[in-house]
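Engineer: Just dropping this structure here.
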Amino acid sequence: MSRYSHWAAGWLAASHFKPWLLSRLICHHAFTLFLPDRHAHPAFFSSRSRIMNTLEQIRAMLQAYPMEVAFPDIRRWQRGTAGVDYVHAFDSGVPGPHVMIMALTHGNEVSGAIAVDQLLRAELRPLKGRVTLGFANVEAYHRFDRNNPDATRFIDEDLNRVWSASRLDSGDDTVELRRARELRPIVESVDFLLDLHSMHEEAPPLLLSGPLQKGIRFAAEIGAPEHVIVDAGHANGRRMRDYGSFGDATSPKNALLIESGQHFSLRSRDVALDAASRFLLKTGVVAATQLNSFLTQDRTLSQQFFEVTQPIVADTTDFEFTQDFRGLELIERAGTVIARDGEREIFTPYDNCVIIMPSLRHLAPGVTVMRLAKVLDDK
Ligand SMILES: [Zn+2]
């Protein structure tokens with residue numbers, strides 16, 4: 001079975017199946033251009049008369065996803081280790097690495113919260129080294145409103161853009177900076193980090209390795225999910241997974257970020273738990289007997305790596321994709337118009353261009369609305 005059809009079989013078995021998705025998968029496999037049903041999502045193909053949309057108007061035009069999972073009450077985990085709320089460390093007393101699983105770097109990404117809640121309930125005890133389980137942006141999580149599910153990604157600013165000494169040491173004061181400063185000494189002591197995320201749109205899970213060879217190797221060692229994104233992060237602020245020694249090619253410290261799927265799907269929950277368990281097993285700190293029940297995804301026999309070459313950043317709120325992109329579409333020809341931003345047309349810059357994490361749910365001038373990637377044959 002090919003990589004795509006292998007993935008497709010799993011996807012079809014999940015509850016999210018939609019006919020257009022299958023047509024796109026087949027197109028992926030054949031390396032042809034996906035042509036969506038124009039009647040399915042007319043807002044994407046509306047006339048150019050749309051100007052100065054509000055974010056609420058844009059979100060109202062996008063597909064609403066069902067809330068398949070319940071948000072766990074994580075207040076029971078508030079009292080953390082070493083005085084840091086919502087962070088729990090378990091030390092074996094035996095030499096070994098410090099391994100951390102972080103959830104809720106973005107406040108509405110509930111699959112990670114479910115995974116860490118489950119791992120805490122499982123009372124994991126490390127064989128060696130130290131395991132730390134944490135919830136990052138709990139303030140945003142506690143403000144989640146199911147009637148406005150995109151609103152609580154963060155409160156003041158994106159917690160995954162503040163991880164540089166210049167921001168952390170600055171005099172700036174935001175909810176997210178305050179939390180990052182609490183988490184900073186813990187994150188700095190971590191040898192191996194897995195940061196659990198999910199995506200605005202329904203798409204296959206992605207493992208984000210960062211730009212360095214050590215990250216690519218680590219992603220290959222974990223072995224799942226199938227699609228690995230090699231990327232340097234964002235111009236508007238550093239991610240936790242790139243912070244300090246994680247972003248230093250000479251350091252043995254390493255970090256990965258997983259995008260487990262659409263925020264509110266059962267599948268994302270399962271992928272997050274599976275990925276966290278694989279990560280703990282790979283680092284050797286927890287016995288397999290404690291984690292086997294969480295390994296729910298088929299083992300991937302081969303992974304495909306994609307190298308991000310550039311972000312697509314919106315200049316205006318009069319922005320639309322030319323197709324109903326959800327992620328991992330492969331556009332065969334350079335020069336294909338993939339989006340319009342006011343009067344500007346945006347083209348694929350090279351043949352076989354892959355769309356990474358497209359979404360208009362946080363559209364504003366200066367916001368990255370998708371990234372473009374090349375298939376990495378020789379990683
Ligand atoms: Zn996220």
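Labels for the structure tokens follow display order: chains A, B, ..., residues from 1 in each chain, ligands from 1.
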Extract, using only C-alpha atoms, all DNA, RNA and protein residues at most 10 Å from Ala364 of chain A, discarding same-chain residues fewer than 4 positions from it, and format them as a VMD selection string.
Structural biologist: chain A and resid 53 to 55 313 to 319 360 368 to 369
Engineer: Using only C-alpha atoms and all ligand atoms, find each residue with an atom at most 6 Å away from ligand 1 and format the answer as JSON, numbers by chain.
Structural biologist: {"A": [106, 197, 198]}
Engineer: Residues of segment 226-342 of chain A in strand (DSSP E or B) according to DSSP, as a VMD selection string?
Structural biologist: chain A and resid 227 to 230 234 237 to 238 254 to 262 304 to 313 319 to 321 330 to 331 337 to 341
Engineer: Measuring between only C-alpha atoms, which one of A:Arg121, A:Asp191, A:Asp242, A:Ala219 shows the shortest distance to Ala165 of chain A?
Structural biologist: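 Checking each candidate against Ala165 of chain A, we get A:Asp242 as the closest.
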Engineer: Looking at A:Thr348, A:Ser92, A:Thr296, A:Gln262, which one is nearest to Gln63 of chain A, with distances taken over only C-alpha atoms?
Structural biologist: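 Using only C-alpha atoms, the shortest distance to Gln63 of chain A belongs to A:Gln262.
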Engineer: Using only C-alpha atoms, which of the listed residues (A:Leu328, A:Met100, A:Cys353, A:Val286) sits closest to Glu202 of chain A?
Structural biologist: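 Of A:Leu328, A:Met100, A:Cys353, A:Val286, the one nearest Glu202 of chain A is A:Leu328, counting only C-alpha atoms.
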Engineer: What's the 12 Å shell around Val162 of chain A, counting only C-alpha atoms, without same-chain residues fewer than 4 positions away, as a PyMOL selection string?
Structural biologist: chain A and resi 105+156-158+166-170+172-181+183-184+233-244
Engineer: Export C-alpha atoms of the chosen residues as a short mmCIF file (atom, residue, chain, number, x, y, z; two decimals), in the first residue's frame?
Structural biologist:
```
data_model
loop_
_atom_site.label_atom_id
_atom_site.label_comp_id
_atom_site.auth_asym_id
_atom_site.auth_seq_id
_atom_site.Cartn_x
_atom_site.Cartn_y
_atom_site.Cartn_z
CA THR A 105 0.79 26.36 24.22
CA ASP A 156 -2.82 39.04 24.69
CA GLU A 157 -0.34 37.49 22.26
CA ASP A 158 0.74 34.16 20.84
CA SER A 166 15.05 39.61 24.18
CA ARG A 167 11.27 39.15 24.62
CA LEU A 168 11.46 37.25 27.89
CA ASP A 169 13.87 39.79 29.42
CA SER A 170 11.98 42.77 28.04
CA ASP A 172 6.75 44.02 28.16
CA ASP A 173 3.87 42.64 30.22
CA THR A 174 1.27 40.32 28.73
CA VAL A 175 -0.59 37.30 30.06
CA GLU A 176 1.52 35.11 27.80
CA LEU A 177 4.87 36.69 28.72
CA ARG A 178 4.07 36.24 32.40
CA ARG A 179 3.36 32.56 31.83
CA ALA A 180 6.44 32.10 29.64
CA ARG A 181 8.60 33.63 32.37
CA LEU A 183 7.84 28.24 32.49
CA ARG A 184 11.26 29.45 31.33
CA GLY A 233 9.42 28.95 12.56
CA HIS A 234 8.03 32.44 12.21
CA ALA A 235 9.51 35.87 11.57
CA ASN A 236 7.27 37.48 14.19
CA GLY A 237 8.68 35.60 17.18
CA ARG A 238 10.42 32.39 18.23
CA ARG A 239 8.57 29.22 19.15
CA MET A 240 9.20 27.21 22.30
CA ARG A 241 10.51 24.35 20.19
CA ASP A 242 13.27 26.62 18.79
CA TYR A 243 14.19 28.26 22.11
CA GLY A 244 17.75 28.30 23.44
#
```
Engineer: I need the residues of segment 106-348 of chain A that end up classed as helix (DSSP H, G or I) by DSSP on the backbone, written out as a ChimeraX atom specification.
Structural biologist: /A:110-121,138-142,151-153,159-161,165-168,175-188,213-222,240-242,244-247,266-283,288-290,292-294
Engineer: Segment 60-100 of chain A near segment 269-279 of chain A within 12 Å: what's each residue's closest atom pair and its distance in Å to one decimal, counting only C-alpha atoms, ordered by chain then ascending residue number, as a Markdown table?
Structural biologist:
```
| residue | atom | partner | partner_atom | distance |
| --- | --- | --- | --- | --- |
| A:Met67 | CA | A:Arg269 | CA | 11.8 |
| A:Glu68 | CA | A:Arg269 | CA | 9.6 |
| A:Val69 | CA | A:Arg269 | CA | 7.9 |
| A:Ala70 | CA | A:Arg269 | CA | 10.3 |
| A:Phe71 | CA | A:Arg269 | CA | 10.9 |
| A:Pro72 | CA | A:Arg269 | CA | 11.7 |
| A:Val99 | CA | A:Phe279 | CA | 9.0 |
| A:Met100 | CA | A:Phe279 | CA | 9.5 |
```
